[in-house]
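The structure file model.cif is reproduced below (mmCIF, C-alpha atoms).
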data_entry
loop_
_atom_site.label_atom_id
_atom_site.label_comp_id
_atom_site.auth_asym_id
_atom_site.auth_seq_id
_atom_site.Cartn_x
_atom_site.Cartn_y
_atom_site.Cartn_z
CA MET P 1 -109.32 57.23 -322.06
CA ASN P 2 -109.23 59.47 -319.02
CA GLU P 3 -106.43 62.05 -319.30
CA LYS P 4 -105.11 60.96 -315.90
CA ASP P 5 -104.68 57.41 -317.21
CA LYS P 6 -102.49 58.42 -320.14
CA LEU P 7 -98.96 57.13 -319.79
CA LEU P 8 -95.95 59.41 -319.48
CA THR P 9 -92.34 58.48 -320.13
CA ILE P 10 -90.00 58.37 -317.15
CA GLY P 11 -88.40 61.59 -318.39
CA GLN P 12 -91.75 63.36 -318.66
CA PHE P 13 -92.90 62.17 -315.26
CA ALA P 14 -89.60 63.14 -313.61
CA ALA P 15 -89.74 66.60 -315.20
CA LEU P 16 -93.33 67.02 -314.00
CA HIS P 17 -92.15 66.57 -310.42
CA GLY P 18 -88.84 68.41 -310.73
CA ILE P 19 -86.62 65.39 -310.06
CA ASN P 20 -84.02 63.38 -311.96
CA LYS P 21 -85.30 60.27 -313.73
CA LYS P 22 -82.54 58.30 -311.99
CA THR P 23 -84.43 58.92 -308.75
CA LEU P 24 -87.49 57.19 -310.19
CA MET P 25 -85.33 54.32 -311.42
CA TRP P 26 -83.85 53.91 -307.93
CA TYR P 27 -87.28 54.05 -306.26
CA ASP P 28 -88.40 51.29 -308.63
CA GLU P 29 -85.33 49.15 -307.91
CA ILE P 30 -85.86 49.27 -304.13
CA GLY P 31 -89.58 48.67 -304.47
CA LEU P 32 -90.61 52.05 -303.08
CA PHE P 33 -92.43 53.45 -306.12
CA LYS P 34 -93.22 51.31 -309.14
CA PRO P 35 -94.11 52.54 -312.64
CA ALA P 36 -97.69 52.16 -313.83
CA ALA P 37 -96.51 50.05 -316.77
CA ILE P 38 -93.43 48.68 -318.51
CA HIS P 39 -93.35 49.15 -322.28
CA PRO P 40 -93.52 45.63 -323.74
CA SER P 41 -91.14 46.24 -326.63
CA ASN P 42 -88.33 48.27 -325.04
CA GLY P 43 -88.80 47.79 -321.29
CA TYR P 44 -89.09 51.54 -320.64
CA ARG P 45 -90.86 52.59 -317.44
CA CYS P 46 -94.11 54.54 -317.88
CA TYR P 47 -96.16 56.46 -315.32
CA ASN P 48 -99.57 58.10 -315.17
CA TYR P 49 -100.81 61.26 -313.53
CA ARG P 50 -102.78 59.34 -310.90
CA GLN P 51 -99.44 58.36 -309.35
CA SER P 52 -98.42 61.97 -308.79
CA PRO P 53 -99.97 62.43 -305.29
CA ILE P 54 -98.19 59.29 -304.05
CA LEU P 55 -94.84 60.41 -305.45
CA GLU P 56 -95.30 63.91 -304.02
CA THR P 57 -95.93 62.36 -300.60
CA ILE P 58 -92.70 60.38 -300.88
CA LEU P 59 -90.77 63.48 -301.98
CA LEU P 60 -92.23 65.50 -299.10
CA LEU P 61 -91.20 62.86 -296.60
CA ARG P 62 -87.70 62.75 -298.08
CA GLU P 63 -87.50 66.54 -297.82
CA LEU P 64 -88.37 66.15 -294.13
CA ASP P 65 -85.45 63.69 -293.79
CA VAL P 66 -87.69 60.68 -293.29
CA SER P 67 -85.53 57.64 -293.96
CA ILE P 68 -86.18 55.29 -296.86
CA PRO P 69 -86.99 52.36 -294.51
CA GLU P 70 -89.54 54.57 -292.69
CA ILE P 71 -91.16 55.56 -295.98
CA GLN P 72 -91.19 51.95 -297.16
CA ALA P 73 -92.92 50.89 -293.96
CA PHE P 74 -95.52 53.62 -294.44
CA MET P 75 -96.09 52.73 -298.10
CA GLN P 76 -96.72 49.10 -297.14
CA ASN P 77 -99.40 50.17 -294.67
CA ARG P 78 -100.61 53.45 -296.10
CA SER P 79 -103.44 55.13 -294.17
CA ALA P 80 -104.52 58.56 -292.99
CA GLU P 81 -103.73 57.63 -289.38
CA ASN P 82 -100.22 56.42 -290.18
CA LEU P 83 -99.45 59.48 -292.29
CA ARG P 84 -100.76 61.77 -289.57
CA CYS P 85 -98.53 60.14 -286.94
CA LEU P 86 -95.52 60.32 -289.24
CA LEU P 87 -96.14 63.99 -290.04
CA ASP P 88 -96.75 64.84 -286.36
CA ASP P 89 -93.27 63.52 -285.51
CA LYS P 90 -91.65 65.41 -288.36
CA ILE P 91 -93.47 68.65 -287.53
CA LYS P 92 -92.05 68.43 -283.99
CA ASP P 93 -88.56 67.90 -285.42
CA LEU P 94 -89.04 70.79 -287.83
CA ASP P 95 -90.20 73.10 -285.02
CA LEU P 96 -87.03 72.28 -283.10
CA GLN P 97 -84.92 73.08 -286.17
CA ILE P 98 -86.78 76.36 -286.70
CA ASN P 99 -86.28 77.38 -283.08
CA HIS P 100 -82.58 76.55 -283.35
CA LEU P 101 -82.21 78.62 -286.52
CA LYS P 102 -84.02 81.52 -284.85
CA ALA P 103 -81.62 81.27 -281.91
CA VAL P 104 -78.62 81.23 -284.25
CA ARG P 105 -80.00 84.25 -286.11
CA ASN P 106 -80.53 86.08 -282.84
CA THR P 107 -76.95 85.28 -281.81
CA LEU P 108 -75.62 86.57 -285.12
CA GLN P 109 -77.61 89.78 -284.73
CA SER P 110 -76.22 90.21 -281.22
CA HIS P 111 -72.65 89.74 -282.47
CA ARG P 112 -73.28 92.20 -285.31
CA GLN P 113 -74.69 94.75 -282.87
CA ASN P 114 -71.64 94.33 -280.64
CA MET P 115 -69.31 94.83 -283.61
CA ASN P 116 -71.26 97.91 -284.65
CA THR P 117 -70.84 99.27 -281.12
CA LEU P 118 -67.11 98.69 -281.28
CA LEU P 119 -66.82 100.41 -284.64
CA THR P 120 -69.12 103.39 -284.12
CA MET P 121 -69.43 104.28 -280.42
CA ASP P 122 -67.21 106.26 -278.12
CA LEU P 123 -66.55 103.58 -275.52
CA SER P 124 -65.55 106.21 -272.97
CA GLU P 125 -69.09 107.61 -273.07
CA ILE P 126 -71.67 106.97 -270.36
CA SER P 127 -75.22 107.14 -271.70
CA ILE P 128 -78.87 106.33 -271.05
CA VAL P 129 -80.54 103.67 -273.20
CA GLU P 130 -84.01 102.14 -273.26
CA LYS P 131 -84.33 98.35 -273.03
CA GLU P 132 -87.16 95.88 -273.35
CA GLU P 133 -87.90 93.32 -270.66
CA ARG P 134 -86.02 90.06 -271.00
CA CYS P 135 -85.98 86.81 -269.05
CA LEU P 136 -82.66 85.42 -267.88
CA VAL P 137 -81.57 82.10 -266.48
CA THR P 138 -79.41 82.81 -263.43
CA VAL P 139 -77.21 80.86 -261.03
CA ASP P 140 -76.19 82.08 -257.60
CA ILE P 141 -72.53 82.64 -256.79
CA ASP P 142 -70.49 84.34 -254.09
CA GLU P 143 -66.87 85.21 -253.39
CA HIS P 144 -66.13 81.57 -252.55
CA THR P 145 -67.42 80.16 -255.87
CA SER P 146 -64.48 78.87 -257.89
CA PHE P 147 -64.21 79.34 -261.63
CA GLU P 148 -64.54 75.57 -262.08
CA LYS P 149 -67.80 75.63 -260.10
CA GLU P 150 -69.10 78.54 -262.20
CA VAL P 151 -68.42 76.53 -265.37
CA GLU P 152 -70.20 73.55 -263.84
CA LEU P 153 -73.25 75.65 -262.95
CA ILE P 154 -73.46 77.26 -266.38
CA THR P 155 -73.02 73.91 -268.15
CA ALA P 156 -75.83 72.39 -266.11
CA GLU P 157 -78.22 75.22 -266.97
CA THR P 158 -77.42 75.20 -270.69
CA ALA P 159 -78.10 71.45 -270.70
CA ARG P 160 -81.34 71.89 -268.74
CA PHE P 161 -82.67 74.35 -271.31
CA GLY P 162 -81.63 72.20 -274.25
CA LEU P 163 -79.01 74.51 -275.75
CA GLY P 164 -77.12 72.66 -278.44
CA ARG P 165 -74.02 74.83 -278.17
CA LEU P 166 -72.70 77.59 -275.95
CA HIS P 167 -72.94 80.15 -278.75
CA ASP P 168 -76.73 79.77 -278.73
CA ALA P 169 -76.85 82.08 -275.70
CA SER P 170 -75.19 85.15 -274.16
CA TYR P 171 -73.56 85.09 -270.75
CA GLY P 172 -72.67 87.62 -268.10
CA SER P 173 -72.49 88.48 -264.42
CA MET P 174 -74.64 90.50 -262.04
CA LEU P 175 -73.58 92.84 -259.26
CA PRO P 176 -76.25 94.28 -256.92
CA ALA P 177 -76.76 98.03 -257.32
CA GLU P 178 -76.92 98.38 -253.54
CA SER P 179 -73.38 96.99 -253.37
CA LEU P 180 -72.22 99.59 -255.87
CA LEU P 181 -73.69 102.36 -253.74
CA LYS P 182 -71.66 101.05 -250.81
CA GLY P 183 -68.48 101.05 -252.86
CA ASP P 184 -68.39 97.26 -253.16
CA PHE P 185 -67.45 96.49 -256.75
CA GLU P 186 -66.27 92.91 -256.33
CA HIS P 187 -68.94 90.71 -254.75
CA TYR P 188 -71.00 89.39 -257.63
CA THR P 189 -74.08 87.41 -256.63
CA LYS P 190 -75.28 85.86 -259.90
CA LEU P 191 -74.24 84.73 -263.35
CA PHE P 192 -76.81 85.06 -266.11
CA ILE P 193 -77.58 83.26 -269.34
CA GLU P 194 -79.67 85.02 -271.97
CA ILE P 195 -81.39 82.38 -274.09
CA PRO P 196 -83.14 83.67 -277.23
CA PHE P 197 -86.95 83.39 -277.25
CA LEU P 198 -87.10 82.16 -273.68
CA PRO P 199 -90.72 82.51 -272.45
CA ARG P 200 -91.42 84.21 -269.16
CA LYS P 201 -92.09 81.63 -266.47
CA LYS P 202 -91.62 80.98 -262.78
CA GLY P 203 -88.04 80.68 -261.61
CA LEU P 204 -86.50 82.99 -264.20
CA HIS P 205 -84.95 86.35 -263.45
CA VAL P 206 -86.78 89.21 -265.16
CA GLN P 207 -84.55 92.05 -266.28
CA PRO P 208 -87.07 94.89 -266.25
CA LYS P 209 -88.09 97.07 -269.15
CA GLY P 210 -87.03 100.69 -268.85
CA ASN P 211 -84.10 103.04 -269.01
CA TYR P 212 -80.59 101.92 -268.20
CA LEU P 213 -77.32 103.63 -267.60
CA ARG P 214 -74.81 102.12 -270.05
CA ALA P 215 -71.04 102.25 -269.92
CA PHE P 216 -68.09 100.26 -271.19
CA HIS P 217 -64.83 99.15 -269.65
CA LYS P 218 -61.77 98.14 -271.68
CA GLY P 219 -58.99 96.11 -270.15
CA SER P 220 -58.59 93.71 -267.26
CA TRP P 221 -61.16 93.32 -264.50
CA ASP P 222 -58.81 95.09 -262.11
CA GLY P 223 -59.87 98.39 -263.63
CA LEU P 224 -63.62 97.83 -263.24
CA ALA P 225 -63.68 99.46 -259.80
CA LEU P 226 -62.42 102.74 -261.26
CA ARG P 227 -65.03 102.57 -264.03
CA TYR P 228 -67.79 102.03 -261.47
CA GLU P 229 -66.59 105.06 -259.53
CA GLU P 230 -66.94 107.09 -262.74
CA ILE P 231 -70.44 105.66 -263.25
CA LEU P 232 -71.48 106.61 -259.71
CA ALA P 233 -70.09 110.09 -260.19
CA TYR P 234 -72.07 110.43 -263.42
CA ALA P 235 -75.23 109.17 -261.73
CA GLY P 236 -74.78 111.65 -258.89
CA LYS P 237 -74.17 114.56 -261.22
CA HIS P 238 -77.34 113.81 -263.20
CA LYS P 239 -79.40 112.84 -260.13
CA LEU P 240 -79.96 109.28 -261.30
CA GLU P 241 -81.01 106.54 -258.90
CA LEU P 242 -79.65 103.09 -259.72
CA SER P 243 -81.56 99.95 -258.81
CA GLY P 244 -81.62 96.19 -259.23
CA PHE P 245 -78.38 94.85 -260.63
CA SER P 246 -75.50 95.90 -262.79
CA TYR P 247 -75.48 93.53 -265.78
CA GLU P 248 -72.03 92.91 -267.23
CA LYS P 249 -71.14 91.01 -270.38
CA GLY P 250 -68.18 90.86 -272.72
CA ILE P 251 -68.90 92.08 -276.24
CA ASN P 252 -65.74 91.37 -278.19
CA GLU P 253 -64.43 87.95 -277.09
CA THR P 254 -64.59 86.70 -280.67
CA VAL P 255 -62.15 89.29 -282.05
CA VAL P 256 -59.50 89.78 -279.35
CA ASP P 257 -56.78 87.65 -277.79
CA ARG P 258 -55.38 89.95 -275.09
CA ILE P 259 -57.15 90.84 -271.86
CA GLU P 260 -56.01 94.43 -272.43
CA ASP P 261 -58.38 94.60 -275.41
CA TYR P 262 -61.33 92.95 -273.69
CA ILE P 263 -64.45 95.15 -273.50
CA VAL P 264 -67.21 94.76 -270.92
CA GLU P 265 -70.61 96.34 -271.42
CA ILE P 266 -72.23 97.55 -268.17
CA GLU P 267 -75.96 98.27 -267.91
CA ILE P 268 -77.72 99.37 -264.72
CA PRO P 269 -81.47 100.11 -264.40
CA ILE P 270 -82.66 103.56 -263.42
CA THR P 271 -85.68 103.68 -261.15
CA PRO P 272 -88.86 105.11 -262.80
CA GLN P 273 -88.82 108.39 -260.90
CA SER P 274 -85.37 109.10 -262.28
CA SER P 275 -85.79 107.77 -265.78
CA PHE P 276 -84.80 109.70 -268.87
CA THR P 277 -86.16 109.22 -272.34
CA ALA P 278 -83.18 110.28 -274.34
CA THR P 279 -79.46 109.64 -274.44
CA LEU P 280 -77.57 112.19 -272.41
#

Rewrite the coordinates I just gave you, this time as structure tokens.
Amino acid sequence: MNEKDKLLTIGQFAALHGINKKTLMWYDEIGLFKPAAIHPSNGYRCYNYRQSPILETILLLRELDVSIPEIQAFMQNRSAENLRCLLDDKIKDLDLQINHLKAVRNTLQSHRQNMNTLLTMDLSEISIVEKEERCLVTVDIDEHTSFEKEVELITAETARFGLGRLHDASYGSMLPAESLLKGDFEHYTKLFIEIPFLPRKKGLHVQPKGNYLRAFHKGSWDGLALRYEEILAYAGKHKLELSGFSYEKGINETVVDRIEDYIVEIEIPITPQSSFTATL
């Protein structure tokens, strides 16, 4: 007798595939996976090794969250084409799950970095940092845009890019550097959404790679003007030319309740001819 035709008990066959024998009993009861033979004297289910590839296919599909009815339909019309179509669908679903987990991981890393900043940095310091290019989704606003309208715009963009939840992205506001140089610290022109792993494509705002002036402001937004005056004074003292936009985002919303404790991170690009390579 061929070794692959030798019969195994239900316990042996279950152990071979790392499952509980009750699973095999259930599969038999619903007609999904039948034993190779039933012992004539005691009615015990027996299996052979040739059945292993079929069972492994069923277990793989279950691991991919394919429903029992879907698997039953496949088993009744088993073919390479049908399995390929089924696996194509599940690979797409799995890719979406992987991308979501990557986005969640990126969000967690961002929160951890923010907490590390809070715990280790002198928030009164103004410094120069190097940043990589990143693509941002932006919406246009002006002084007449209400808070309700801002929420509506942000909600529409998060839906358009398929974000499952708000925490899958980071949010902030943008103030033109040319406005800062004119002493205008109030007229924001854009809100931004930073979506993890967003590919560069037409219509997105590109925050350029390079050196940035970084500062922090603690407290209500009323005090931001004074902080910007300090930033401009610092830039003038060190002969730094600011360009593009000032990017603002809150970094501690998850751990504070009072506006007095709220911390805004401010980053402004420095033009190449004025760039530094080290923190001042």

Taking all atoms listed in the file into account, name the residue in P:Thr158, P:Thr189, P:Thr120, P:Ser127 that is nearest to Arg214 in chain P.
P:Ser127

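CA of Lys218 in chain P lies 5.6 Å from CA of Tyr262 in chain P.
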
Carefully work through the PyMOL selection byres ((chain P and resi 45-58) around 8) for this structure and note down the residues it includes, as a PyMOL selection string.
chain P and resi 4-10+13+17+33+35-39+43-44+59-62+71

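Each of P:Glu194, P:Glu143, P:Glu178, P:Glu29 was compared to Asn106 in chain P using only C-alpha atoms, and P:Glu194 turns out to be the nearest.
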
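Using all atoms listed in the file, the smallest distance between any of P:Leu32, P:Ile259, P:Ala80, P:Ile126 and Trp221 in chain P comes from P:Ile259.
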
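If only C-alpha atoms are the atoms counted, then among P:Leu153, P:Met115, P:Leu181, P:Ile128 the closest residue to Asp140 in chain P is P:Leu153.
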
12 Å contact set for Cys135 in chain P, only C-alpha atoms, chain neighbours under 3 positions out, as an MDAnalysis selection string
chainID P and resid 132 138 192:209

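Each of P:Thr271, P:Gln76, P:His217, P:His187 was compared to Asp122 in chain P using all atoms listed in the file, and P:His217 turns out to be the nearest.
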
Hits of the PyMOL selection byres ((chain P and resi 211) around 6) in this structure, as a VMD selection string:
chain P and resid 129 to 130 210 212 270 275
